[in-house]
$ cat work-v5.tsv   # TSV, C-alpha atoms
chain	number	residue	atom	x	y	z
A	1	GLU	CA	46.59	167.95	9.85
A	2	GLY	CA	49.59	165.73	8.99
A	3	ALA	CA	49.72	162.01	8.46
A	4	ALA	CA	51.28	161.54	11.90
A	5	ASP	CA	48.19	163.07	13.50
A	6	LYS	CA	46.01	160.47	11.79
A	7	SER	CA	48.20	157.47	12.60
A	8	THR	CA	47.72	154.98	15.40
A	9	VAL	CA	50.56	152.58	16.12
A	10	ILE	CA	49.58	149.18	17.49
A	11	PRO	CA	52.53	146.85	18.07
A	12	PRO	CA	52.61	143.10	17.38
A	13	GLY	CA	51.51	140.68	20.06
A	14	VAL	CA	53.24	137.83	21.87
A	15	SER	CA	51.78	134.34	21.89
A	16	GLU	CA	50.41	133.10	25.19
A	17	ARG	CA	52.75	130.10	25.15
A	18	PHE	CA	55.71	132.34	26.00
A	19	PHE	CA	54.02	133.49	29.20
A	20	THR	CA	53.17	129.96	30.36
A	21	PRO	CA	55.34	128.93	33.34
A	22	ARG	CA	57.46	125.86	32.70
A	23	PRO	CA	60.56	124.24	34.17
A	24	GLY	CA	63.76	125.94	33.13
A	25	ARG	CA	67.29	126.41	34.36
A	26	HIS	CA	68.07	129.90	33.01
A	27	LEU	CA	71.77	129.13	33.15
A	28	HIS	CA	73.85	132.30	33.54
A	29	SER	CA	76.41	131.04	31.04
A	30	ARG	CA	73.86	130.34	28.28
A	31	LEU	CA	73.52	133.10	25.70
A	32	LEU	CA	71.00	133.10	22.85
A	33	THR	CA	70.29	134.99	19.63
A	34	VAL	CA	67.30	134.30	17.37
A	35	THR	CA	67.54	136.08	14.02
A	36	ARG	CA	67.90	135.62	10.28
A	37	LEU	CA	71.40	135.76	8.83
A	38	ASP	CA	71.24	137.85	5.67
A	39	GLU	CA	74.21	139.26	3.77
A	40	SER	CA	72.19	142.39	2.98
A	41	ASP	CA	71.04	142.77	6.58
A	42	ARG	CA	74.25	142.69	8.60
A	43	ILE	CA	72.79	145.21	11.06
A	44	LYS	CA	71.86	142.20	13.22
A	45	ASN	CA	75.50	142.55	14.29
A	46	VAL	CA	76.18	138.94	15.22
A	47	HIS	CA	79.79	139.32	14.06
A	48	ASN	CA	80.52	141.92	16.73
A	49	VAL	CA	78.96	139.74	19.44
A	50	ILE	CA	81.29	136.91	18.44
A	51	ALA	CA	84.26	139.30	18.41
A	52	ALA	CA	83.37	140.51	21.91
A	53	LEU	CA	83.04	136.97	23.23
A	54	ASN	CA	86.42	136.11	21.78
A	55	VAL	CA	88.01	138.78	23.98
A	56	LEU	CA	86.22	137.35	27.02
A	57	LYS	CA	86.70	133.63	26.37
A	58	ASP	CA	89.51	133.24	28.91
A	59	ARG	CA	87.66	135.15	31.63
A	60	TYR	CA	84.16	133.69	31.58
A	61	ASP	CA	82.41	130.43	30.90
A	62	PHE	CA	79.71	130.73	28.22
A	63	HIS	CA	77.89	128.89	25.47
A	64	TYR	CA	76.39	131.11	22.77
A	65	GLN	CA	73.76	129.72	20.40
A	66	ILE	CA	72.56	131.55	17.30
A	67	VAL	CA	69.26	130.24	15.96
A	68	SER	CA	68.77	131.23	12.33
A	69	GLY	CA	65.73	130.05	10.43
A	70	THR	CA	66.78	131.88	7.26
A	71	ASP	CA	70.27	132.22	5.77
A	72	THR	CA	70.77	134.42	2.70
A	73	GLY	CA	74.05	135.22	0.97
A	74	GLY	CA	77.44	134.60	2.56
A	75	TYR	CA	76.91	136.01	6.06
A	76	ARG	CA	76.35	132.58	7.66
A	77	GLU	CA	79.53	131.21	6.05
A	78	GLU	CA	81.48	134.28	7.20
A	79	LEU	CA	80.32	133.77	10.78
A	80	ASP	CA	81.07	130.04	10.70
A	81	ARG	CA	84.60	130.80	9.47
A	82	MET	CA	85.02	133.48	12.16
A	83	ILE	CA	83.99	131.01	14.86
A	84	ARG	CA	86.48	128.42	13.63
A	85	ASP	CA	89.34	130.90	13.17
A	86	LEU	CA	88.88	132.28	16.69
A	87	GLY	CA	88.83	128.82	18.22
A	88	LEU	CA	85.28	129.20	19.50
A	89	ALA	CA	83.72	126.15	17.85
A	90	ASP	CA	83.09	124.45	21.20
A	91	ARG	CA	81.41	127.55	22.68
A	92	VAL	CA	79.59	129.29	19.82
A	93	ALA	CA	77.18	127.46	17.50
A	94	ILE	CA	74.90	128.48	14.65
A	95	VAL	CA	71.87	126.21	14.30
A	96	GLY	CA	68.88	126.14	11.98
A	97	ARG	CA	65.18	126.69	12.51
A	98	LYS	CA	63.63	125.33	15.71
A	99	THR	CA	60.12	124.15	16.41
A	100	ASP	CA	58.03	126.27	18.77
A	101	GLU	CA	58.60	123.76	21.56
A	102	GLU	CA	62.37	123.66	20.96
A	103	LEU	CA	62.55	127.44	20.92
A	104	LEU	CA	60.64	127.67	24.20
A	105	ALA	CA	63.04	125.19	25.78
A	106	LEU	CA	66.00	127.29	24.61
A	107	TYR	CA	64.52	130.48	26.08
A	108	HIS	CA	63.95	128.77	29.42
A	109	ASP	CA	67.51	127.47	29.55
A	110	THR	CA	69.01	130.84	28.59
A	111	GLY	CA	70.50	133.43	30.91
A	112	LEU	CA	70.69	136.30	28.41
A	113	PHE	CA	69.13	137.01	25.01
A	114	ILE	CA	71.37	139.04	22.67
A	115	LEU	CA	70.50	141.07	19.58
A	116	VAL	CA	72.55	144.26	19.32
A	117	SER	CA	71.32	145.63	16.01
A	118	TYR	CA	72.49	148.96	14.63
A	119	SER	CA	70.90	151.40	12.22
A	120	GLU	CA	71.89	152.37	8.70
A	121	ALA	CA	70.49	155.13	6.54
A	122	LYS	CA	67.78	152.92	5.04
A	123	ASN	CA	67.82	149.96	7.37
A	124	PHE	CA	67.08	149.73	11.07
A	125	GLU	CA	65.65	147.32	13.63
A	126	GLY	CA	61.94	147.76	14.18
A	127	PHE	CA	59.95	146.48	17.14
A	128	GLY	CA	61.55	143.07	17.56
A	129	ILE	CA	59.11	140.38	18.68
A	130	VAL	CA	61.99	138.15	19.87
A	131	PHE	CA	62.78	140.61	22.66
A	132	LEU	CA	59.22	140.32	23.94
A	133	GLU	CA	59.35	136.53	23.70
A	134	ALA	CA	62.58	136.39	25.71
A	135	ASN	CA	61.22	138.73	28.39
A	136	ALA	CA	57.95	136.77	28.58
A	137	CYS	CA	60.08	133.74	29.47
A	138	GLY	CA	61.84	135.75	32.19
A	139	VAL	CA	65.06	136.30	30.21
A	140	PRO	CA	66.78	139.73	30.17
A	141	VAL	CA	67.91	141.07	26.80
A	142	LEU	CA	71.10	142.73	25.61
A	143	THR	CA	70.49	145.24	22.84
A	144	SER	CA	71.28	148.71	21.50
A	145	ARG	CA	69.61	152.09	21.59
A	146	ASP	CA	69.13	151.98	17.82
A	147	GLY	CA	65.72	151.20	16.41
A	148	GLY	CA	62.50	150.34	18.20
A	149	MET	CA	63.90	148.67	21.31
A	150	ARG	CA	65.09	151.85	23.02
A	151	ASP	CA	61.46	152.62	23.88
A	152	TYR	CA	60.87	149.14	25.31
A	153	VAL	CA	64.02	148.06	27.13
A	154	VAL	CA	64.62	149.71	30.51
A	155	ASP	CA	68.34	149.46	31.22
A	156	GLY	CA	68.95	147.34	34.31
A	157	GLU	CA	65.29	146.31	34.61
A	158	ASN	CA	64.45	143.99	31.71
A	159	GLY	CA	67.74	144.17	29.88
A	160	ILE	CA	71.03	145.91	29.20
A	161	LEU	CA	71.55	148.67	26.64
A	162	VAL	CA	75.03	148.89	25.15
A	163	GLN	CA	76.78	152.26	25.06
A	164	THR	CA	78.06	151.54	21.54
A	165	HIS	CA	77.14	148.73	19.18
A	166	ASP	CA	80.72	147.85	18.21
A	167	ALA	CA	82.64	144.91	19.71
A	168	LYS	CA	84.05	147.09	22.52
A	169	GLY	CA	80.61	148.28	23.57
A	170	ILE	CA	79.20	144.75	23.49
A	171	GLU	CA	82.19	143.46	25.44
A	172	ALA	CA	81.62	146.04	28.20
A	173	ALA	CA	77.92	145.12	28.41
A	174	LEU	CA	78.74	141.41	28.57
A	175	VAL	CA	81.23	142.00	31.40
A	176	ARG	CA	78.46	143.83	33.25
A	177	TYR	CA	76.24	140.78	32.75
A	178	PHE	CA	78.80	138.12	33.62
A	179	GLU	CA	79.84	140.00	36.74
A	180	GLY	CA	76.21	140.16	37.91
A	181	ARG	CA	76.14	143.93	38.28
A	182	ASP	CA	72.42	143.99	37.55
A	183	ARG	CA	70.11	142.08	39.89
A	184	PHE	CA	67.49	141.05	37.38
A	185	ASP	CA	64.17	139.88	38.78
A	186	ALA	CA	62.48	137.28	36.58
A	187	GLU	CA	58.96	138.32	37.59
A	188	ALA	CA	59.68	141.98	36.83
A	189	ILE	CA	61.10	140.95	33.46
A	190	ARG	CA	57.99	138.89	32.67
A	191	ALA	CA	55.76	141.84	33.58
A	192	ARG	CA	57.39	144.12	31.00
A	193	PRO	CA	55.82	142.48	27.89
A	194	GLU	CA	52.47	141.94	29.60
A	195	PRO	CA	50.73	144.71	27.58
A	196	TYR	CA	51.81	142.92	24.39
A	197	ARG	CA	49.88	139.70	25.01
A	198	TRP	CA	47.66	139.06	21.99
A	199	PRO	CA	44.39	139.51	23.96
A	200	HIS	CA	45.53	143.02	24.97
A	201	ILE	CA	46.59	143.85	21.41
A	202	ALA	CA	43.24	142.59	20.11
A	203	GLN	CA	41.46	144.89	22.56
A	204	ARG	CA	43.46	147.84	21.27
A	205	VAL	CA	42.58	146.98	17.67
A	206	ALA	CA	38.89	146.63	18.55
A	207	ALA	CA	38.94	149.95	20.45
A	208	PHE	CA	40.55	151.66	17.44
A	209	TYR	CA	37.78	150.55	15.09
A	210	GLN	CA	35.02	151.30	17.59
A	211	ASP	CA	36.39	154.81	17.94
A	212	ARG	CA	36.41	155.29	14.16
A	213	LEU	CA	32.84	154.05	13.83
A	214	ARG	CA	31.40	156.51	16.31
$ encode --input "work-v5.tsv" --output "structure tokens"
Amino acid sequence: EGAADKSTVIPPGVSERFFTPRPGRHLHSRLLTVTRLDESDRIKNVHNVIAALNVLKDRYDFHYQIVSGTDTGGYREELDRMIRDLGLADRVAIVGRKTDEELLALYHDTGLFILVSYSEAKNFEGFGIVFLEANACGVPVLTSRDGGMRDYVVDGENGILVQTHDAKGIEAALVRYFEGRDRFDAEAIRARPEPYRWPHIAQRVAAFYQDRLR
């Protein structure tokens, strides 16, 4: 019997505050990323999102905010320089850590959450809690098929999956979003992370231990 046969995977939970209804505009033009910016962890792929938006800047109205609580190495400076050089300073902004209340307000004003991570040989995106938080607030997500999100995101239901994680693939997915080709339903989006509420996760943990104690 292998290790896989003895393993039980229980995902992280989402705080109840993200499921609590609150006033929000969910502006179609507002785009949001919440991630750390780490020179050794460029798989978050923010640079390609900015490159894609640069191609689309004359076709669509948008404001893209990148919330980064942790900056390591020169990746943040590289992105800031890219934003300036492309003339996007009035439409793309990198900001620091937000309080829980500020982050909730951002989610509820956002039309689309974006985190199009890619995988490397020894580095890949796991089960990203920020995707669940965005969906719990009724916000669809734009992501890739790499890593843990391909088993969670249903293309066209609670988000959009890019065909490729390069700038061209992200551009095509953003056009699909801006053109409204998917009729996202906020209630259906909120239902997707329902099993990941902390009370449900706690029940799964308790059931696991009860089963082992029999």
$ residues_near_point --input "work-v5.tsv" --point "(78.0, 136.5, 37.2)" --cutoff "12 Å" --atoms "all atoms listed in the file" --output "PDB file with C-alpha atoms, keeping the file's coordinate frame"
ATOM      1  CA  LEU A  27      71.770 129.130  33.150  1.00  0.00           C
ATOM      2  CA  HIS A  28      73.850 132.300  33.540  1.00  0.00           C
ATOM      3  CA  SER A  29      76.410 131.040  31.040  1.00  0.00           C
ATOM      4  CA  ARG A  30      73.860 130.340  28.280  1.00  0.00           C
ATOM      5  CA  ARG A  59      87.660 135.150  31.630  1.00  0.00           C
ATOM      6  CA  TYR A  60      84.160 133.690  31.580  1.00  0.00           C
ATOM      7  CA  ASP A  61      82.410 130.430  30.900  1.00  0.00           C
ATOM      8  CA  PHE A  62      79.710 130.730  28.220  1.00  0.00           C
ATOM      9  CA  GLY A 111      70.500 133.430  30.910  1.00  0.00           C
ATOM     10  CA  LEU A 112      70.690 136.300  28.410  1.00  0.00           C
ATOM     11  CA  LEU A 174      78.740 141.410  28.570  1.00  0.00           C
ATOM     12  CA  VAL A 175      81.230 142.000  31.400  1.00  0.00           C
ATOM     13  CA  ARG A 176      78.460 143.830  33.250  1.00  0.00           C
ATOM     14  CA  TYR A 177      76.240 140.780  32.750  1.00  0.00           C
ATOM     15  CA  PHE A 178      78.800 138.120  33.620  1.00  0.00           C
ATOM     16  CA  GLU A 179      79.840 140.000  36.740  1.00  0.00           C
ATOM     17  CA  GLY A 180      76.210 140.160  37.910  1.00  0.00           C
ATOM     18  CA  ARG A 181      76.140 143.930  38.280  1.00  0.00           C
ATOM     19  CA  ASP A 182      72.420 143.990  37.550  1.00  0.00           C
ATOM     20  CA  ARG A 183      70.110 142.080  39.890  1.00  0.00           C
ATOM     21  CA  PHE A 184      67.490 141.050  37.380  1.00  0.00           C
TER      22      PHE A 184
END
$ residues_around --input "work-v5.tsv" --residues "His165 of chain A" --least-positions-apart "5" --cutoff "10 Å" --atoms "all atoms listed in the file" --output "NGL selection string"
:A and (43 or 45 or 48-49 or 116-119 or 143-146 or 170-171 or 173)
$ closest_residue --input "work-v5.tsv" --among "A:Asp90, A:Tyr152, A:Asn135, A:Ala167" --to "Val46 of chain A" --atoms "all atoms listed in the file"
A:Ala167
$ atom_distance --input "work-v5.tsv" --atom1 "atom CA of Phe208 of chain A" --atom2 "atom CA of Val154 of chain A"
27.5 Å
$ closest_residue --input "work-v5.tsv" --among "A:His63, A:Arg91, A:Arg17, A:Arg212" --to "Leu32 of chain A" --atoms "all atoms listed in the file"
A:His63
$ atom_distance --input "work-v5.tsv" --atom1 "atom CA of Phe131 of chain A" --atom2 "atom CA of Thr72 of chain A"
22.4 Å
$ residues_around --input "work-v5.tsv" --residues "Tyr75 of chain A" --least-positions-apart "4" --cutoff "12 Å" --atoms "all atoms listed in the file" --output "PDB file with C-alpha atoms, keeping the file's coordinate frame"
ATOM      1  CA  ARG A  36      67.900 135.620  10.280  1.00  0.00           C
ATOM      2  CA  LEU A  37      71.400 135.760   8.830  1.00  0.00           C
ATOM      3  CA  ASP A  38      71.240 137.850   5.670  1.00  0.00           C
ATOM      4  CA  GLU A  39      74.210 139.260   3.770  1.00  0.00           C
ATOM      5  CA  SER A  40      72.190 142.390   2.980  1.00  0.00           C
ATOM      6  CA  ASP A  41      71.040 142.770   6.580  1.00  0.00           C
ATOM      7  CA  ARG A  42      74.250 142.690   8.600  1.00  0.00           C
ATOM      8  CA  ILE A  43      72.790 145.210  11.060  1.00  0.00           C
ATOM      9  CA  LYS A  44      71.860 142.200  13.220  1.00  0.00           C
ATOM     10  CA  ASN A  45      75.500 142.550  14.290  1.00  0.00           C
ATOM     11  CA  VAL A  46      76.180 138.940  15.220  1.00  0.00           C
ATOM     12  CA  HIS A  47      79.790 139.320  14.060  1.00  0.00           C
ATOM     13  CA  SER A  68      68.770 131.230  12.330  1.00  0.00           C
ATOM     14  CA  THR A  70      66.780 131.880   7.260  1.00  0.00           C
ATOM     15  CA  ASP A  71      70.270 132.220   5.770  1.00  0.00           C
ATOM     16  CA  LEU A  79      80.320 133.770  10.780  1.00  0.00           C
ATOM     17  CA  ASP A  80      81.070 130.040  10.700  1.00  0.00           C
ATOM     18  CA  ARG A  81      84.600 130.800   9.470  1.00  0.00           C
ATOM     19  CA  MET A  82      85.020 133.480  12.160  1.00  0.00           C
ATOM     20  CA  ILE A  94      74.900 128.480  14.650  1.00  0.00           C
TER      21      ILE A  94
END
$ residues_around --input "work-v5.tsv" --residues "Ile129 of chain A" --least-positions-apart "4" --cutoff "8 Å" --atoms "all atoms listed in the file" --output "short mmCIF file (atom, residue, chain, number, x, y, z; two decimals) with C-alpha atoms, in the frame of the given file"
data_model
loop_
_atom_site.label_atom_id
_atom_site.label_comp_id
_atom_site.auth_asym_id
_atom_site.auth_seq_id
_atom_site.Cartn_x
_atom_site.Cartn_y
_atom_site.Cartn_z
CA PRO A 12 52.61 143.10 17.38
CA GLY A 13 51.51 140.68 20.06
CA VAL A 14 53.24 137.83 21.87
CA GLU A 133 59.35 136.53 23.70
#
$ atom_distance --input "work-v5.tsv" --atom1 "atom CA of Ile50 of chain A" --atom2 "atom CA of Ala188 of chain A"
28.8 Å
$ residues_around --input "work-v5.tsv" --residues "Asp185 of chain A" --least-positions-apart "5" --cutoff "10 Å" --atoms "only C-alpha atoms" --output "JSON, numbers by chain"
{"A": [138, 139, 140, 156, 157, 158, 190]}
$ axis_aligned_box --input "work-v5.tsv" --around "segment 88-97 of chain A" --padding-each-side "5 Å" --output "JSON"
{"center_x": 75.2, "center_y": 126.9, "center_z": 17.3, "size_x": 30.1, "size_y": 14.8, "size_z": 20.7}
$ closest_residue --input "work-v5.tsv" --among "A:Leu142, A:Ala136, A:Leu161, A:Pro199" --to "Pro21 of chain A" --atoms "all atoms listed in the file"
A:Ala136
$ closest_residue --input "work-v5.tsv" --among "A:Leu31, A:Leu115, A:Cys137, A:Val130" --to "Val92 of chain A" --atoms "all atoms listed in the file"
A:Leu31
$ closest_residue --input "work-v5.tsv" --among "A:Val9, A:Asp155, A:Arg22, A:Gly147" --to "Glu101 of chain A" --atoms "all atoms listed in the file"
A:Arg22
$ build_atoms --input "work-v5.tsv" --residues "segment 159-185 of chain A" --atoms "N, CA, C and O atoms" --output "mmCIF file, in the frame of the given file"
data_model
loop_
_atom_site.group_PDB
_atom_site.id
_atom_site.type_symbol
_atom_site.label_atom_id
_atom_site.label_comp_id
_atom_site.auth_asym_id
_atom_site.auth_seq_id
_atom_site.Cartn_x
_atom_site.Cartn_y
_atom_site.Cartn_z
ATOM 1 N N GLY A 159 66.645 144.413 30.802
ATOM 2 C CA GLY A 159 67.740 144.170 29.880
ATOM 3 C C GLY A 159 68.892 145.124 30.092
ATOM 4 O O GLY A 159 68.911 145.912 31.053
ATOM 5 N N ILE A 160 69.855 145.052 29.181
ATOM 6 C CA ILE A 160 71.030 145.910 29.200
ATOM 7 C C ILE A 160 71.147 146.591 27.849
ATOM 8 O O ILE A 160 71.078 145.930 26.806
ATOM 9 N N LEU A 161 71.334 147.898 27.856
ATOM 10 C CA LEU A 161 71.550 148.670 26.640
ATOM 11 C C LEU A 161 73.034 148.977 26.498
ATOM 12 O O LEU A 161 73.644 149.535 27.415
ATOM 13 N N VAL A 162 73.614 148.614 25.359
ATOM 14 C CA VAL A 162 75.030 148.890 25.150
ATOM 15 C C VAL A 162 75.243 150.386 24.947
ATOM 16 O O VAL A 162 74.361 151.096 24.478
ATOM 17 N N GLN A 163 76.432 150.851 25.300
ATOM 18 C CA GLN A 163 76.780 152.260 25.060
ATOM 19 C C GLN A 163 77.104 152.484 23.585
ATOM 20 O O GLN A 163 76.768 153.515 23.013
ATOM 21 N N THR A 164 77.785 151.508 22.975
ATOM 22 C CA THR A 164 78.060 151.540 21.540
ATOM 23 C C THR A 164 77.838 150.132 20.997
ATOM 24 O O THR A 164 77.983 149.149 21.718
ATOM 25 N N HIS A 165 77.488 150.036 19.729
ATOM 26 C CA HIS A 165 77.140 148.730 19.180
ATOM 27 C C HIS A 165 78.329 148.002 18.560
ATOM 28 O O HIS A 165 78.159 146.940 17.955
ATOM 29 N N ASP A 166 79.544 148.546 18.712
ATOM 30 C CA ASP A 166 80.720 147.850 18.210
ATOM 31 C C ASP A 166 81.151 146.770 19.205
ATOM 32 O O ASP A 166 80.547 146.600 20.270
ATOM 33 N N ALA A 167 82.204 146.013 18.856
ATOM 34 C CA ALA A 167 82.640 144.910 19.710
ATOM 35 C C ALA A 167 83.024 145.382 21.106
ATOM 36 O O ALA A 167 82.755 144.693 22.097
ATOM 37 N N LYS A 168 83.643 146.558 21.205
ATOM 38 C CA LYS A 168 84.050 147.090 22.520
ATOM 39 C C LYS A 168 82.837 147.376 23.391
ATOM 40 O O LYS A 168 82.828 147.074 24.587
ATOM 41 N N GLY A 169 81.824 147.976 22.807
ATOM 42 C CA GLY A 169 80.610 148.280 23.570
ATOM 43 C C GLY A 169 79.891 147.018 24.015
ATOM 44 O O GLY A 169 79.387 146.934 25.145
ATOM 45 N N ILE A 170 79.843 146.021 23.139
ATOM 46 C CA ILE A 170 79.200 144.750 23.490
ATOM 47 C C ILE A 170 80.018 144.033 24.560
ATOM 48 O O ILE A 170 79.462 143.458 25.504
ATOM 49 N N GLU A 171 81.325 144.076 24.432
ATOM 50 C CA GLU A 171 82.190 143.460 25.440
ATOM 51 C C GLU A 171 81.928 144.053 26.823
ATOM 52 O O GLU A 171 81.790 143.316 27.809
ATOM 53 N N ALA A 172 81.861 145.379 26.903
ATOM 54 C CA ALA A 172 81.620 146.040 28.200
ATOM 55 C C ALA A 172 80.275 145.619 28.782
ATOM 56 O O ALA A 172 80.153 145.383 29.992
ATOM 57 N N ALA A 173 79.243 145.516 27.938
ATOM 58 C CA ALA A 173 77.920 145.120 28.410
ATOM 59 C C ALA A 173 77.918 143.659 28.875
ATOM 60 O O ALA A 173 77.270 143.309 29.866
ATOM 61 N N LEU A 174 78.662 142.810 28.170
ATOM 62 C CA LEU A 174 78.740 141.410 28.570
ATOM 63 C C LEU A 174 79.483 141.241 29.894
ATOM 64 O O LEU A 174 79.093 140.413 30.727
ATOM 65 N N VAL A 175 80.530 142.026 30.108
ATOM 66 C CA VAL A 175 81.230 142.000 31.400
ATOM 67 C C VAL A 175 80.253 142.379 32.510
ATOM 68 O O VAL A 175 80.211 141.740 33.566
ATOM 69 N N ARG A 176 79.481 143.397 32.275
ATOM 70 C CA ARG A 176 78.460 143.830 33.250
ATOM 71 C C ARG A 176 77.508 142.673 33.562
ATOM 72 O O ARG A 176 77.156 142.446 34.732
ATOM 73 N N TYR A 177 77.123 141.924 32.538
ATOM 74 C CA TYR A 177 76.240 140.780 32.750
ATOM 75 C C TYR A 177 76.941 139.653 33.497
ATOM 76 O O TYR A 177 76.433 139.146 34.515
ATOM 77 N N PHE A 178 78.089 139.250 33.008
ATOM 78 C CA PHE A 178 78.800 138.120 33.620
ATOM 79 C C PHE A 178 79.171 138.387 35.075
ATOM 80 O O PHE A 178 79.180 137.476 35.901
ATOM 81 N N GLU A 179 79.459 139.643 35.377
ATOM 82 C CA GLU A 179 79.840 140.000 36.740
ATOM 83 C C GLU A 179 78.627 140.166 37.665
ATOM 84 O O GLU A 179 78.778 140.380 38.865
ATOM 85 N N GLY A 180 77.429 140.073 37.095
ATOM 86 C CA GLY A 180 76.210 140.160 37.910
ATOM 87 C C GLY A 180 75.961 141.530 38.494
ATOM 88 O O GLY A 180 75.409 141.650 39.601
ATOM 89 N N ARG A 181 76.313 142.572 37.757
ATOM 90 C CA ARG A 181 76.140 143.930 38.280
ATOM 91 C C ARG A 181 74.687 144.372 38.308
ATOM 92 O O ARG A 181 74.333 145.316 39.012
ATOM 93 N N ASP A 182 73.859 143.716 37.528
ATOM 94 C CA ASP A 182 72.420 143.990 37.550
ATOM 95 C C ASP A 182 71.712 142.828 38.230
ATOM 96 O O ASP A 182 71.949 141.668 37.890
ATOM 97 N N ARG A 183 70.863 143.119 39.188
ATOM 98 C CA ARG A 183 70.110 142.080 39.890
ATOM 99 C C ARG A 183 68.746 141.922 39.225
ATOM 100 O O ARG A 183 67.739 142.472 39.675
ATOM 101 N N PHE A 184 68.729 141.207 38.130
ATOM 102 C CA PHE A 184 67.490 141.050 37.380
ATOM 103 C C PHE A 184 66.501 140.180 38.157
ATOM 104 O O PHE A 184 66.857 139.160 38.729
ATOM 105 N N ASP A 185 65.257 140.613 38.143
ATOM 106 C CA ASP A 185 64.170 139.880 38.780
ATOM 107 C C ASP A 185 63.298 139.281 37.680
ATOM 108 O O ASP A 185 62.721 140.013 36.863
#
